[in-house]
Amino acid sequence: MTFYYGALQISIWADICVSMTFAAVYLGGTGHSNAAIGIILAAGNLLGATLGPWISSAIDKHREITPVRLMPYIIGARAIAIAVIFADAGGGWLTDIFYVLFMAMSLCANTLILKIYVDADYSGVHIDFGIGRGLGSAAYVVVSSLLGIIVRNTSVRAIIWAGIIIWVYQVAAFILFRMKLKSAAAGAISAAPLPGEKGSAQASGLIRFAADNKRFCLLLLGIFLVFYSHSTLGSFMINVVENVGGDTGDMGFMNAFMALVEIPAVMFYTKFFGSKDRRRILRIAFIFFAFKAIGAALATNLAMLAAAMVMQAPSFGLYTPAIVLYTSEVVRHEDSAKAQSLVFSMTTLGSVFASLVSGALLDRVSVRMTMAIAAAVCVAGTAVAIMSIQKKPSEQ
């Protein structure tokens with residue numbers, strides 16, 4: 001099942017690469033101003049960050065709503081969005097609206113495949129999440145590199161064509177995964193509900209969930225603060241690189257390098273860290289997020305910046321699988337969709353605030369000061385996150 005889940009992860013992260021990473025490229029190429037691009041990006045991220053938990057809450061509460069049954073609707077909505085964007089070649093107001101939907105559906109799809117994994121694991125169907133997610137990261141690197149070259153040699157319309165091709169692949173990957181999951185679930189030896197089913201326990205509403213999971217909600221705050229810093233670096237890498245004497249080519253190298261170093265940590269997490277305490281691994285990851293932020297703020301040349309980027313492996317690389325497994329461990333299964341979605345939404349909200357706040361700071365203070373502020377926020381977020389990590393699954 002890991003292979004089929006990995007194929008689905010590939011489709012999701014290739015899609016996120018097109019819808020999110022190349023959003024500014026496409027919108028800028030269709031005549032949008034930087035201000036308009038910022039509004040569209042913020043709206044897409046916010047819609048995805050709010051819609052994801054709402055959908056997840058519905059999954060947790062209603063027996064008939066499952067991530068496997070819901071995924072075709074998300075894929076369908078994405079198809080409508082990409083079709084309208086393709087038809088509106090001039091980049092008018094339809095593009096503005098439906099690009100927001102395009103981004104939001106990409107984010108929601110990621111929320112659903114996290115829940116699919118949790119349900120499969122709960123019912124006794126083995127999936128190596130690290131390998132599956134690692135394949136997604138690899139796909140992101142490949143699509144980003146190839147699409148950048150293609151767009152440079154053709155036009156921004158190549159981005160939409162890439163979105164269409166990825167959609168076709170995503171449909172095929174999901175259909176194949178669903179077929180294999182059904183047969184694997186039928187043969188699983190487990191007293192737990194099968195993927196797509198619900199147990200008898202009642203899921204909590206968002207307010208009750210927050211009251212029952214105070215430490216987990218504090219962890220969400222820590223994640224938000226950490227990812228404000230993480231996203232500041234990612235969103236404004238060109239500013240950071242130019243500040244230490246680099247150019248656009250160096251920025252491309254740094255982004256690719258950062259994505260590449262995280263892949264081994266994600267893919268081989270189960271092999272090397274599967275038997276380790278997830279709480280300890282998560283604490284280590286948060287500490288390295290702070291080290292990476294401090295290193296980026298202190299870098300005075302490209303070599304120092306690259307050295308800071310090496311810490312992407314023990315920070316984001318370890319965090320990615322560890323947070324999914326930790327969340328499924330400390331939050332009861334009936335609330336798992338909501339919990340996983342909230343975690344992902346905090347990273348998205350961190351990106352939104354990084355775009356707005358750090359972007360404004362860069363217009364007023366130096367790059368070094370902006371990165372120093374981001375590093376200070378990251379250190380605070382790391383402290384909050386470490387203190388909120390529960391010692392035992394039963395502590396809620």
# chains A, B, ... in the order shown; residues from 1 in each chain; ligands from 1
>>> residues_around(residues="region 69-81 of chain A", least_positions_apart="4", cutoff="8 Å", atoms="only C-alpha atoms", output="mmCIF file with N, CA and C atoms, in the first residue's frame")
data_model
loop_
_atom_site.group_PDB
_atom_site.id
_atom_site.type_symbol
_atom_site.label_atom_id
_atom_site.label_comp_id
_atom_site.auth_asym_id
_atom_site.auth_seq_id
_atom_site.Cartn_x
_atom_site.Cartn_y
_atom_site.Cartn_z
ATOM 1 N N ILE A 65 -19.685 10.725 5.937
ATOM 2 C CA ILE A 65 -18.672 11.560 5.279
ATOM 3 C C ILE A 65 -17.290 11.024 5.630
ATOM 4 N N ILE A 85 -9.510 28.875 -15.281
ATOM 5 C CA ILE A 85 -8.257 29.629 -15.421
ATOM 6 C C ILE A 85 -7.694 29.458 -16.836
ATOM 7 N N PHE A 98 -10.918 32.006 -9.323
ATOM 8 C CA PHE A 98 -10.716 30.561 -9.411
ATOM 9 C C PHE A 98 -9.281 30.140 -9.087
ATOM 10 N N TYR A 99 -8.338 31.070 -9.112
ATOM 11 C CA TYR A 99 -6.994 30.707 -8.636
ATOM 12 C C TYR A 99 -7.010 30.547 -7.115
ATOM 13 N N LEU A 101 -9.597 29.380 -5.511
ATOM 14 C CA LEU A 101 -10.182 28.048 -5.342
ATOM 15 C C LEU A 101 -9.161 26.959 -5.665
ATOM 16 N N PHE A 102 -8.368 27.159 -6.696
ATOM 17 C CA PHE A 102 -7.323 26.212 -7.107
ATOM 18 C C PHE A 102 -6.374 25.940 -5.937
ATOM 19 N N MET A 105 -8.240 24.134 -2.882
ATOM 20 C CA MET A 105 -8.504 22.712 -3.101
ATOM 21 C C MET A 105 -7.224 21.883 -3.000
ATOM 22 N N SER A 106 -6.102 22.447 -3.423
ATOM 23 C CA SER A 106 -4.825 21.746 -3.281
ATOM 24 C C SER A 106 -4.489 21.522 -1.810
ATOM 25 N N CYS A 108 -6.709 21.488 0.714
ATOM 26 C CA CYS A 108 -7.706 20.576 1.290
ATOM 27 C C CYS A 108 -7.410 19.122 0.925
ATOM 28 N N ALA A 109 -6.918 18.896 -0.293
ATOM 29 C CA ALA A 109 -6.579 17.536 -0.711
ATOM 30 C C ALA A 109 -5.479 16.962 0.179
ATOM 31 N N LEU A 112 -6.983 15.740 3.389
ATOM 32 C CA LEU A 112 -7.704 14.481 3.246
ATOM 33 C C LEU A 112 -6.773 13.278 3.175
ATOM 34 N N ILE A 164 -3.144 20.689 -15.632
ATOM 35 C CA ILE A 164 -4.075 19.754 -16.274
ATOM 36 C C ILE A 164 -3.494 18.346 -16.310
ATOM 37 N N TRP A 167 -3.585 16.857 -12.902
ATOM 38 C CA TRP A 167 -4.953 16.475 -12.540
ATOM 39 C C TRP A 167 -5.303 15.093 -13.102
ATOM 40 N N VAL A 171 -6.248 11.828 -10.748
ATOM 41 C CA VAL A 171 -7.460 11.017 -10.861
ATOM 42 C C VAL A 171 -7.098 9.536 -10.944
ATOM 43 N N GLY A 196 -12.634 4.624 6.096
ATOM 44 C CA GLY A 196 -13.892 5.068 5.506
ATOM 45 C C GLY A 196 -15.082 4.784 6.393
#
>>> closest_residue(among="A:Ala339, A:Ile294, A:Leu27, A:Ala42", to="Leu220 (chain A)", atoms="only C-alpha atoms")
A:Ala339
>>> residues_around(residues="region 238-246 of chain A", least_positions_apart="5", cutoff="9 Å", atoms="only C-alpha atoms", output="list of chain:residue names")
A:Leu233, A:Met251, A:Gly252, A:Met254, A:Ala296, A:Ala297, A:Ala299, A:Thr300, A:Asn301, A:Leu302, A:Leu305, A:Leu362, A:Val367, A:Arg368, A:Met371
>>> write_last_selection(atoms="all heavy atoms", output="compact mmCIF listing (two decimals), in the first residue's frame")
# COMPACT_ATOMS: atom_id res chain seq x y z
N LEU A 233 11.52 32.76 5.44
CA LEU A 233 12.71 32.36 4.69
C LEU A 233 12.32 31.83 3.31
O LEU A 233 12.93 32.20 2.29
CB LEU A 233 13.49 31.30 5.46
CG LEU A 233 14.76 30.76 4.79
CD1 LEU A 233 15.75 31.88 4.54
CD2 LEU A 233 15.38 29.67 5.64
N MET A 251 19.41 31.67 -5.77
CA MET A 251 18.15 31.41 -5.08
C MET A 251 17.55 30.08 -5.52
O MET A 251 17.07 29.29 -4.70
CB MET A 251 17.15 32.53 -5.37
CG MET A 251 15.82 32.36 -4.62
SD MET A 251 14.42 33.17 -5.43
CE MET A 251 14.13 32.05 -6.80
N GLY A 252 17.59 29.80 -6.84
CA GLY A 252 17.09 28.52 -7.34
C GLY A 252 17.84 27.35 -6.74
O GLY A 252 17.25 26.33 -6.37
N MET A 254 19.42 27.33 -3.83
CA MET A 254 19.09 27.23 -2.40
C MET A 254 17.75 26.53 -2.19
O MET A 254 17.60 25.68 -1.31
CB MET A 254 19.07 28.61 -1.75
CG MET A 254 20.42 29.23 -1.52
SD MET A 254 21.43 28.30 -0.35
CE MET A 254 22.98 29.21 -0.47
N ALA A 296 20.24 31.47 9.31
CA ALA A 296 19.88 32.28 8.15
C ALA A 296 20.00 33.77 8.48
O ALA A 296 20.42 34.57 7.63
CB ALA A 296 18.46 31.96 7.70
N ALA A 297 19.64 34.14 9.71
CA ALA A 297 19.71 35.55 10.11
C ALA A 297 21.16 36.02 10.23
O ALA A 297 21.46 37.19 9.95
CB ALA A 297 18.98 35.75 11.43
N ALA A 299 23.82 34.68 8.58
CA ALA A 299 24.62 34.40 7.38
C ALA A 299 25.08 35.70 6.71
O ALA A 299 24.30 36.63 6.52
CB ALA A 299 23.81 33.57 6.39
N THR A 300 26.36 35.73 6.35
CA THR A 300 26.92 36.90 5.66
C THR A 300 27.41 36.55 4.26
O THR A 300 27.85 37.43 3.52
CB THR A 300 28.09 37.49 6.47
OG1 THR A 300 29.07 36.47 6.69
CG2 THR A 300 27.59 38.03 7.82
N ASN A 301 27.35 35.27 3.90
CA ASN A 301 27.73 34.85 2.55
C ASN A 301 26.93 33.60 2.18
O ASN A 301 26.22 33.02 3.02
CB ASN A 301 29.24 34.60 2.45
CG ASN A 301 29.73 33.62 3.50
OD1 ASN A 301 29.23 32.51 3.61
ND2 ASN A 301 30.73 34.04 4.28
N LEU A 302 27.03 33.18 0.94
CA LEU A 302 26.25 32.05 0.45
C LEU A 302 26.62 30.74 1.15
O LEU A 302 25.76 29.88 1.37
CB LEU A 302 26.42 31.90 -1.06
CG LEU A 302 25.72 32.97 -1.92
CD1 LEU A 302 26.16 32.85 -3.37
CD2 LEU A 302 24.21 32.82 -1.81
N LEU A 305 24.85 30.61 4.42
CA LEU A 305 23.42 30.40 4.19
C LEU A 305 23.15 28.93 3.83
O LEU A 305 22.20 28.33 4.32
CB LEU A 305 22.92 31.32 3.09
CG LEU A 305 21.41 31.29 2.81
CD1 LEU A 305 20.62 31.68 4.06
CD2 LEU A 305 21.06 32.23 1.65
N LEU A 362 10.16 44.14 5.27
CA LEU A 362 11.23 44.30 4.28
C LEU A 362 11.17 45.66 3.59
O LEU A 362 12.20 46.16 3.09
CB LEU A 362 11.15 43.19 3.24
CG LEU A 362 11.62 41.80 3.71
CD1 LEU A 362 11.26 40.73 2.70
CD2 LEU A 362 13.13 41.81 3.95
N VAL A 367 16.97 43.49 5.48
CA VAL A 367 16.73 42.04 5.39
C VAL A 367 17.23 41.36 6.65
O VAL A 367 16.55 40.47 7.20
CB VAL A 367 17.45 41.46 4.15
CG1 VAL A 367 17.37 39.94 4.16
CG2 VAL A 367 16.86 42.03 2.87
N ARG A 368 18.41 41.76 7.12
CA ARG A 368 18.97 41.13 8.31
C ARG A 368 18.06 41.33 9.53
O ARG A 368 17.86 40.40 10.32
CB ARG A 368 20.37 41.69 8.60
CG ARG A 368 21.13 40.93 9.69
CD ARG A 368 22.58 41.39 9.75
NE ARG A 368 23.26 41.14 8.50
CZ ARG A 368 23.73 39.96 8.11
NH1 ARG A 368 23.57 38.91 8.90
NH2 ARG A 368 24.35 39.83 6.97
N MET A 371 14.97 39.07 9.19
CA MET A 371 15.29 37.68 9.50
C MET A 371 15.59 37.49 10.98
O MET A 371 15.30 36.43 11.56
CB MET A 371 16.47 37.21 8.65
CG MET A 371 16.20 37.20 7.15
SD MET A 371 14.68 36.32 6.70
CE MET A 371 15.07 34.67 7.29
>>> select_by_dssp(residues="region 19-63 of chain A", states="helix (DSSP H, G or I)", output="VMD selection string")
chain A and resid 19 to 21 23 to 29 34 to 61
>>> write_last_selection(atoms="N, CA, C and O atoms", output="compact mmCIF listing (two decimals), in the first residue's frame")
# COMPACT_ATOMS: atom_id res chain seq x y z
N SER A 19 0.15 25.00 -8.03
CA SER A 19 -0.85 25.96 -7.57
C SER A 19 -0.27 27.02 -6.63
O SER A 19 -0.73 28.17 -6.64
N MET A 20 0.73 26.65 -5.83
CA MET A 20 1.25 27.58 -4.82
C MET A 20 2.59 28.20 -5.24
O MET A 20 2.73 29.41 -5.31
N THR A 21 3.58 27.34 -5.52
CA THR A 21 4.92 27.84 -5.80
C THR A 21 4.97 28.69 -7.06
O THR A 21 5.69 29.69 -7.13
N ALA A 23 2.36 30.24 -8.39
CA ALA A 23 1.23 31.16 -8.45
C ALA A 23 1.68 32.57 -8.85
O ALA A 23 1.09 33.19 -9.75
N ALA A 24 2.70 33.08 -8.18
CA ALA A 24 3.17 34.44 -8.48
C ALA A 24 3.70 34.53 -9.91
O ALA A 24 3.53 35.57 -10.57
N VAL A 25 4.33 33.46 -10.39
CA VAL A 25 4.86 33.45 -11.76
C VAL A 25 3.72 33.56 -12.77
O VAL A 25 3.76 34.38 -13.69
N TYR A 26 2.68 32.74 -12.56
CA TYR A 26 1.56 32.75 -13.51
C TYR A 26 0.79 34.07 -13.43
O TYR A 26 0.49 34.69 -14.45
N LEU A 27 0.46 34.47 -12.21
CA LEU A 27 -0.34 35.69 -12.06
C LEU A 27 0.43 36.92 -12.53
O LEU A 27 -0.14 37.82 -13.15
N GLY A 28 1.72 36.95 -12.25
CA GLY A 28 2.53 38.06 -12.74
C GLY A 28 2.61 38.06 -14.26
O GLY A 28 2.59 39.12 -14.89
N GLY A 29 2.67 36.86 -14.85
CA GLY A 29 2.74 36.76 -16.30
C GLY A 29 1.45 37.11 -17.00
O GLY A 29 1.44 37.36 -18.22
N ASN A 34 1.93 43.21 -8.08
CA ASN A 34 2.41 42.52 -6.88
C ASN A 34 1.38 42.58 -5.77
O ASN A 34 1.20 41.61 -5.02
N ALA A 35 0.70 43.72 -5.66
CA ALA A 35 -0.32 43.86 -4.63
C ALA A 35 -1.46 42.88 -4.87
O ALA A 35 -1.95 42.23 -3.94
N ALA A 36 -1.90 42.77 -6.12
CA ALA A 36 -3.00 41.85 -6.46
C ALA A 36 -2.58 40.40 -6.22
O ALA A 36 -3.36 39.59 -5.71
N ILE A 37 -1.34 40.08 -6.58
CA ILE A 37 -0.83 38.72 -6.35
C ILE A 37 -0.84 38.40 -4.86
O ILE A 37 -1.24 37.31 -4.44
N GLY A 38 -0.41 39.36 -4.05
CA GLY A 38 -0.39 39.15 -2.60
C GLY A 38 -1.77 38.88 -2.05
O GLY A 38 -1.95 38.00 -1.20
N ILE A 39 -2.76 39.61 -2.53
CA ILE A 39 -4.14 39.41 -2.07
C ILE A 39 -4.65 38.03 -2.47
O ILE A 39 -5.27 37.32 -1.67
N ILE A 40 -4.40 37.63 -3.71
CA ILE A 40 -4.85 36.32 -4.19
C ILE A 40 -4.18 35.19 -3.41
O ILE A 40 -4.83 34.22 -2.99
N LEU A 41 -2.88 35.31 -3.19
CA LEU A 41 -2.15 34.29 -2.42
C LEU A 41 -2.68 34.19 -1.00
O LEU A 41 -2.89 33.09 -0.47
N ALA A 42 -2.87 35.34 -0.36
CA ALA A 42 -3.38 35.34 1.01
C ALA A 42 -4.79 34.75 1.07
O ALA A 42 -5.11 33.95 1.96
N ALA A 43 -5.63 35.10 0.09
CA ALA A 43 -7.01 34.58 0.07
C ALA A 43 -7.02 33.07 -0.13
O ALA A 43 -7.78 32.35 0.52
N GLY A 44 -6.19 32.57 -1.04
CA GLY A 44 -6.13 31.13 -1.28
C GLY A 44 -5.66 30.36 -0.07
O GLY A 44 -6.22 29.31 0.28
N ASN A 45 -4.62 30.87 0.58
CA ASN A 45 -4.11 30.22 1.79
C ASN A 45 -5.12 30.26 2.92
O ASN A 45 -5.32 29.27 3.62
N LEU A 46 -5.77 31.41 3.09
CA LEU A 46 -6.76 31.54 4.16
C LEU A 46 -7.97 30.64 3.93
O LEU A 46 -8.47 30.00 4.86
N LEU A 47 -8.43 30.57 2.68
CA LEU A 47 -9.57 29.71 2.37
C LEU A 47 -9.21 28.25 2.64
O LEU A 47 -10.00 27.51 3.24
N GLY A 48 -8.03 27.84 2.22
CA GLY A 48 -7.60 26.47 2.47
C GLY A 48 -7.44 26.18 3.95
O GLY A 48 -7.80 25.10 4.43
N ALA A 49 -6.90 27.17 4.69
CA ALA A 49 -6.66 26.99 6.12
C ALA A 49 -7.95 26.93 6.92
O ALA A 49 -7.99 26.32 8.00
N THR A 50 -9.01 27.58 6.46
CA THR A 50 -10.29 27.56 7.17
C THR A 50 -11.20 26.44 6.68
O THR A 50 -11.91 25.82 7.47
N LEU A 51 -11.16 26.18 5.38
CA LEU A 51 -12.01 25.14 4.81
C LEU A 51 -11.56 23.75 5.25
O LEU A 51 -12.39 22.87 5.51
N GLY A 52 -10.24 23.56 5.37
CA GLY A 52 -9.71 22.26 5.78
C GLY A 52 -10.25 21.79 7.12
O GLY A 52 -10.81 20.68 7.22
N PRO A 53 -10.12 22.59 8.19
CA PRO A 53 -10.68 22.18 9.48
C PRO A 53 -12.20 22.00 9.46
O PRO A 53 -12.74 21.13 10.15
N TRP A 54 -12.90 22.81 8.69
CA TRP A 54 -14.36 22.67 8.60
C TRP A 54 -14.72 21.32 7.98
O TRP A 54 -15.60 20.61 8.48
N ILE A 55 -14.06 20.97 6.88
CA ILE A 55 -14.30 19.68 6.24
C ILE A 55 -13.93 18.54 7.18
O ILE A 55 -14.66 17.55 7.31
N SER A 56 -12.80 18.70 7.86
CA SER A 56 -12.34 17.66 8.77
C SER A 56 -13.28 17.47 9.95
O SER A 56 -13.49 16.35 10.41
N SER A 57 -13.84 18.56 10.44
CA SER A 57 -14.81 18.46 11.53
C SER A 57 -16.04 17.69 11.07
O SER A 57 -16.60 16.87 11.82
N ALA A 58 -16.46 17.93 9.82
CA ALA A 58 -17.61 17.19 9.27
C ALA A 58 -17.28 15.70 9.14
O ALA A 58 -18.12 14.84 9.42
N ILE A 59 -16.06 15.38 8.73
CA ILE A 59 -15.63 13.98 8.62
C ILE A 59 -15.69 13.30 9.98
O ILE A 59 -16.16 12.17 10.11
N ASP A 60 -15.20 14.01 11.00
CA ASP A 60 -15.19 13.44 12.35
C ASP A 60 -16.60 13.24 12.90
O ASP A 60 -16.86 12.28 13.62
N LYS A 61 -17.51 14.13 12.56
CA LYS A 61 -18.85 14.10 13.16
C LYS A 61 -19.83 13.17 12.46
O LYS A 61 -20.69 12.57 13.11
>>> closest_residue(among="A:Ala120, A:Leu181, A:Val141, A:Ala162", to="Phe86 (chain A)", atoms="only C-alpha atoms")
A:Ala162
>>> residues_around(residues="Thr232 (chain A)", least_positions_apart="4", cutoff="7 Å", atoms="only C-alpha atoms", output="ChimeraX atom specification")
/A:228,236,354-355,358
>>> write_last_selection(atoms="N, CA, C and O atoms", output="mmCIF file, in the first residue's frame")
data_model
loop_
_atom_site.group_PDB
_atom_site.id
_atom_site.type_symbol
_atom_site.label_atom_id
_atom_site.label_comp_id
_atom_site.auth_asym_id
_atom_site.auth_seq_id
_atom_site.Cartn_x
_atom_site.Cartn_y
_atom_site.Cartn_z
ATOM 1 N N TYR A 228 5.868 30.727 10.894
ATOM 2 C CA TYR A 228 5.990 32.133 10.465
ATOM 3 C C TYR A 228 7.432 32.380 10.022
ATOM 4 O O TYR A 228 7.689 32.952 8.958
ATOM 5 N N PHE A 236 10.685 34.751 1.006
ATOM 6 C CA PHE A 236 11.560 35.866 0.655
ATOM 7 C C PHE A 236 13.021 35.417 0.504
ATOM 8 O O PHE A 236 13.944 36.162 0.823
ATOM 9 N N ALA A 354 3.523 35.422 7.346
ATOM 10 C CA ALA A 354 4.877 35.721 6.880
ATOM 11 C C ALA A 354 4.826 36.605 5.640
ATOM 12 O O ALA A 354 5.593 37.570 5.517
ATOM 13 N N SER A 355 3.895 36.296 4.724
ATOM 14 C CA SER A 355 3.767 37.093 3.508
ATOM 15 C C SER A 355 3.372 38.531 3.828
ATOM 16 O O SER A 355 3.917 39.476 3.255
ATOM 17 N N SER A 358 6.205 39.969 7.201
ATOM 18 C CA SER A 358 7.605 40.057 6.784
ATOM 19 C C SER A 358 7.749 40.875 5.507
ATOM 20 O O SER A 358 8.741 41.590 5.326
#
>>> atom_distance(atom1="CA of Leu260 (chain A)", atom2="CA of Leu342 (chain A)")
26.4 Å
>>> closest_atom_pairs(of="region 83-181 of chain A", to="region 271-287 of chain A", cutoff="12 Å", atoms="only C-alpha atoms", output="JSON lines")
{"residue": "A:Asp128", "atom": "CA", "partner": "A:Lys271", "partner_atom": "CA", "distance": 9.3}
{"residue": "A:Phe129", "atom": "CA", "partner": "A:Gly274", "partner_atom": "CA", "distance": 10.4}
{"residue": "A:Gly130", "atom": "CA", "partner": "A:Lys271", "partner_atom": "CA", "distance": 8.9}
{"residue": "A:Ile131", "atom": "CA", "partner": "A:Lys271", "partner_atom": "CA", "distance": 9.5}
>>> write_last_selection(atoms="N, CA, C and O atoms", output="mmCIF file, in the first residue's frame")
data_model
loop_
_atom_site.group_PDB
_atom_site.id
_atom_site.type_symbol
_atom_site.label_atom_id
_atom_site.label_comp_id
_atom_site.auth_asym_id
_atom_site.auth_seq_id
_atom_site.Cartn_x
_atom_site.Cartn_y
_atom_site.Cartn_z
ATOM 1 N N ASP A 128 3.847 3.016 4.999
ATOM 2 C CA ASP A 128 5.015 3.735 5.507
ATOM 3 C C ASP A 128 4.844 5.201 5.120
ATOM 4 O O ASP A 128 5.100 5.583 3.974
ATOM 5 N N PHE A 129 4.392 6.012 6.073
ATOM 6 C CA PHE A 129 4.092 7.406 5.773
ATOM 7 C C PHE A 129 5.336 8.155 5.306
ATOM 8 O O PHE A 129 5.261 8.983 4.383
ATOM 9 N N GLY A 130 6.484 7.888 5.922
ATOM 10 C CA GLY A 130 7.706 8.596 5.566
ATOM 11 C C GLY A 130 8.080 8.411 4.105
ATOM 12 O O GLY A 130 8.413 9.376 3.407
ATOM 13 N N ILE A 131 8.028 7.168 3.622
ATOM 14 C CA ILE A 131 8.360 6.908 2.220
ATOM 15 C C ILE A 131 7.353 7.590 1.304
ATOM 16 O O ILE A 131 7.712 8.239 0.314
#
>>> closest_residue(among="A:Ile113, A:Ile207, A:Leu218, A:Val18", to="Leu147 (chain A)", atoms="only C-alpha atoms")
A:Val18
>>> atom_distance(atom1="CA of Thr66 (chain A)", atom2="CA of Tyr117 (chain A)")
12.2 Å
>>> residues_around(residues="Ala172 (chain A)", least_positions_apart="2", cutoff="12 Å", atoms="only C-alpha atoms", output="count of residues only")
19
>>> residues_around(residues="Lys214 (chain A)", least_positions_apart="3", cutoff="12 Å", atoms="only C-alpha atoms", output="list in words")
Leu206, Ile207, Arg208, Phe209, Ala210, Ala211, Cys217, Leu218, Leu219, Leu220, Leu221, Val330, Val331, Ser388, Ile389, Gln390, Glu395 and Gln396 of chain A
